[in-house]
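Here is the structure we will look at.
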Amino acid sequence: MNGNDILRSMNGIDDRFVISAKRERIIKHSSNKKILQKVTIGIAAAVALAIPAGAIYTQFEHKGAVMEYFDEKTADYLEDKGLALNYVSENEHFRITVDTVLSDGNVGSMVLTVESLDSEGIDYIGEKPFFDMYITEKNDVSTGDKIFLEGGGSIHHDVVADTQYSFQKDLYLCDIDVEKDYVMTFGLDRRDKKNDPELFEGISFDISFRPNLETKEFIDDDGRHIYFSQIGFYTDEEETIRRLNHLSNTSGDMRLLRKNSILSDEIDITSATFDRSPEKEKPKGCVWFSSIVEINNYNGARLGDMLFKEVK
């Protein structure tokens, strides 16, 4: 990837992928490639990804995996907001669960769980691998382009078992049309030359990246914009991206300003990407928080010597 990725080496984050969930929708694929679909209609299955506040409560099946990437408070919050999705799809080798998909329209995050179902699956999981994810527009699956789903990711090895592991993926949603519906499929990491390329055949999910988080637009005195949400922030202002690239969160350079108070809170960041590559249509600065931030408690941000205030 072109551009500068910071903080990833501190967290063991590779430029790839995700995993976790409860089985409200199951799609099984037999070894002879004939598809049997079984839909279990439950609470989560009836809830769209763009879920409003106060949605129906649903528990994570793999809550421990979700808590490895966020904290317990965040996992509880996601359950309370109906964002414990627990979508499941499988073939003869793997069962993959999409635990949650979070989106603010510019940056997103996804957690999945992968379980092996046969010896080939066990061998693959034993390698603690990353794998590729692709999306295709749902209305154009047969003829549409397969788009590589960009974003950094991490496997938390503490929750890797002999037969399953979890995966978290940061999503660059600023590069896709989040108002469209997609089908998500999987493939081997393109650097992997050892495994059967058909291992993930038949596993797919109907997926949406429509915003399901609270967001705020902040602006500085020079008219530069940053879009903050509960999981991170985004900007396509080249000068802001250049200056952000030189900041270090460990020194308290990034802080959120509390409403009706002189106090501010340090932003706890897990990863960030600042890309000003000339071949890109526009630059992008993407930052992800380590837990859900109650963005409505703040009306501004101080990023180094840059001061941004909420757009009213």
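Naming works like this for the structure tokens: A, B, ... for the chains as they're shown, residue 1 at the start of each chain, ligands 1 onward in shown order.
Those residues of range 161-262 of chain A that DSSP, working from the backbone, places in helix (DSSP H, G or I) are Leu173, Cys174, Asp175, Glu238, Glu239, Thr240, Ile241, Arg242, Arg243, Leu244, Asn249, Thr250 and Ser251 of chain A.
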Strand (DSSP E) call set, DSSP backbone run, range 47-267 of chain A, as a PyMOL selection string: chain A and resi 87-90+94-103+107-116+131-137+147-148+153-155+164-172+181-188+204-208+215-219+225-229+232-235+254-258+264-266
Just the selected residues (C-alpha atoms), exported as a PDB file, in the first residue's frame, please.
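Written file, part17.pdb:
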ATOM      1  CA  TYR A  87     -24.127 -13.831  10.442  1.00  0.00           C
ATOM      2  CA  VAL A  88     -22.854 -17.307   9.454  1.00  0.00           C
ATOM      3  CA  SER A  89     -21.836 -18.917   6.169  1.00  0.00           C
ATOM      4  CA  GLU A  90     -19.960 -22.191   5.675  1.00  0.00           C
ATOM      5  CA  PHE A  94     -14.872 -23.557   7.250  1.00  0.00           C
ATOM      6  CA  ARG A  95     -17.639 -21.816   9.104  1.00  0.00           C
ATOM      7  CA  ILE A  96     -17.208 -18.026   9.102  1.00  0.00           C
ATOM      8  CA  THR A  97     -19.178 -15.748  11.400  1.00  0.00           C
ATOM      9  CA  VAL A  98     -19.419 -12.000  10.889  1.00  0.00           C
ATOM     10  CA  ASP A  99     -19.704 -10.797  14.489  1.00  0.00           C
ATOM     11  CA  THR A 100     -20.112  -7.122  13.748  1.00  0.00           C
ATOM     12  CA  VAL A 101     -19.734  -4.518  11.004  1.00  0.00           C
ATOM     13  CA  LEU A 102     -19.292  -0.894  12.073  1.00  0.00           C
ATOM     14  CA  SER A 103     -19.446   2.028   9.665  1.00  0.00           C
ATOM     15  CA  VAL A 107     -13.968   4.370   8.129  1.00  0.00           C
ATOM     16  CA  GLY A 108     -15.266   1.084   9.459  1.00  0.00           C
ATOM     17  CA  SER A 109     -14.357  -2.024  11.390  1.00  0.00           C
ATOM     18  CA  MET A 110     -15.332  -5.668  11.173  1.00  0.00           C
ATOM     19  CA  VAL A 111     -14.801  -8.679  13.452  1.00  0.00           C
ATOM     20  CA  LEU A 112     -15.153 -12.265  12.260  1.00  0.00           C
ATOM     21  CA  THR A 113     -14.624 -15.779  13.627  1.00  0.00           C
ATOM     22  CA  VAL A 114     -13.334 -18.648  11.475  1.00  0.00           C
ATOM     23  CA  GLU A 115     -13.914 -22.259  12.522  1.00  0.00           C
ATOM     24  CA  SER A 116     -12.512 -25.331  10.773  1.00  0.00           C
ATOM     25  CA  PHE A 131      -6.918 -14.004   3.872  1.00  0.00           C
ATOM     26  CA  ASP A 132      -8.417 -11.718   1.254  1.00  0.00           C
ATOM     27  CA  MET A 133     -11.939 -10.312   1.236  1.00  0.00           C
ATOM     28  CA  TYR A 134     -13.841  -9.115  -1.821  1.00  0.00           C
ATOM     29  CA  ILE A 135     -17.129  -7.348  -2.443  1.00  0.00           C
ATOM     30  CA  THR A 136     -19.357  -7.304  -5.519  1.00  0.00           C
ATOM     31  CA  GLU A 137     -22.426  -5.143  -5.985  1.00  0.00           C
ATOM     32  CA  ILE A 147     -13.472  -5.380  -5.563  1.00  0.00           C
ATOM     33  CA  PHE A 148     -10.682  -6.115  -3.092  1.00  0.00           C
ATOM     34  CA  GLY A 153      -6.253  -6.011  10.003  1.00  0.00           C
ATOM     35  CA  SER A 154      -5.031  -8.125  12.885  1.00  0.00           C
ATOM     36  CA  ILE A 155      -5.391 -11.637  14.234  1.00  0.00           C
ATOM     37  CA  GLN A 164     -10.845 -21.520  15.229  1.00  0.00           C
ATOM     38  CA  TYR A 165      -9.428 -18.008  15.400  1.00  0.00           C
ATOM     39  CA  SER A 166     -10.680 -14.437  15.258  1.00  0.00           C
ATOM     40  CA  PHE A 167      -9.878 -11.619  12.913  1.00  0.00           C
ATOM     41  CA  GLN A 168     -10.422  -7.851  13.008  1.00  0.00           C
ATOM     42  CA  LYS A 169     -10.318  -5.678   9.905  1.00  0.00           C
ATOM     43  CA  ASP A 170     -10.110  -1.910   9.576  1.00  0.00           C
ATOM     44  CA  LEU A 171     -12.166  -0.768   6.589  1.00  0.00           C
ATOM     45  CA  TYR A 172     -11.431   2.082   4.169  1.00  0.00           C
ATOM     46  CA  ASP A 181     -25.644  -3.476  -1.080  1.00  0.00           C
ATOM     47  CA  TYR A 182     -22.813  -5.945  -1.604  1.00  0.00           C
ATOM     48  CA  VAL A 183     -21.991  -9.633  -1.554  1.00  0.00           C
ATOM     49  CA  MET A 184     -18.771 -10.389   0.339  1.00  0.00           C
ATOM     50  CA  THR A 185     -16.610 -13.369  -0.601  1.00  0.00           C
ATOM     51  CA  PHE A 186     -13.223 -14.680   0.512  1.00  0.00           C
ATOM     52  CA  GLY A 187      -9.990 -15.930  -0.981  1.00  0.00           C
ATOM     53  CA  LEU A 188      -6.515 -16.928   0.032  1.00  0.00           C
ATOM     54  CA  SER A 204     -20.463 -15.516   1.028  1.00  0.00           C
ATOM     55  CA  PHE A 205     -22.443 -12.857   2.873  1.00  0.00           C
ATOM     56  CA  ASP A 206     -24.938 -10.215   1.877  1.00  0.00           C
ATOM     57  CA  ILE A 207     -23.332  -7.170   3.448  1.00  0.00           C
ATOM     58  CA  SER A 208     -24.015  -3.477   3.903  1.00  0.00           C
ATOM     59  CA  THR A 215     -20.674  11.125  13.454  1.00  0.00           C
ATOM     60  CA  LYS A 216     -19.719  14.791  13.682  1.00  0.00           C
ATOM     61  CA  GLU A 217     -18.044  17.174  11.262  1.00  0.00           C
ATOM     62  CA  PHE A 218     -15.263  19.331  12.743  1.00  0.00           C
ATOM     63  CA  ILE A 219     -13.629  22.295  10.981  1.00  0.00           C
ATOM     64  CA  HIS A 225     -12.651  19.370   7.664  1.00  0.00           C
ATOM     65  CA  ILE A 226     -12.328  16.231   9.757  1.00  0.00           C
ATOM     66  CA  TYR A 227     -15.167  13.746  10.212  1.00  0.00           C
ATOM     67  CA  PHE A 228     -15.219  12.154  13.668  1.00  0.00           C
ATOM     68  CA  SER A 229     -17.304   9.152  14.684  1.00  0.00           C
ATOM     69  CA  GLY A 232     -12.323   6.915  14.436  1.00  0.00           C
ATOM     70  CA  PHE A 233     -11.970   9.872  12.131  1.00  0.00           C
ATOM     71  CA  TYR A 234     -11.355  10.648   8.470  1.00  0.00           C
ATOM     72  CA  THR A 235     -10.101  13.544   6.373  1.00  0.00           C
ATOM     73  CA  MET A 254      -4.549  13.989  19.751  1.00  0.00           C
ATOM     74  CA  ARG A 255      -7.278  15.080  22.170  1.00  0.00           C
ATOM     75  CA  LEU A 256     -11.053  15.509  22.109  1.00  0.00           C
ATOM     76  CA  LEU A 257     -12.499  18.667  23.693  1.00  0.00           C
ATOM     77  CA  ARG A 258     -15.328  18.174  26.167  1.00  0.00           C
ATOM     78  CA  SER A 264     -10.060  17.345  27.099  1.00  0.00           C
ATOM     79  CA  ASP A 265      -9.535  13.592  26.723  1.00  0.00           C
ATOM     80  CA  GLU A 266      -6.667  11.852  24.968  1.00  0.00           C
TER      81      GLU A 266
END
Between CA of Lys309 in chain A and CA of Ser277 in chain A, distance in Å (one decimal): 27.8 Å
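The two atoms in question, CA of Ile122 in chain A and CA of Phe200 in chain A, are spaced 13.3 Å apart.
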Interatomic distance, CA of Glu92 in chain A to CA of Ile203 in chain A (Å, one decimal): 9.8 Å
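If only C-alpha atoms are the atoms counted, then among A:Asn91, A:Asn86, A:Gln59, A:Asn296 the closest residue to Gly202 in chain A is A:Asn91.
Proximity ranking of A:Asp104, A:Glu198, A:Glu72, A:Thr143 relative to Glu179 in chain A places A:Asp104 first, based on only C-alpha atoms.
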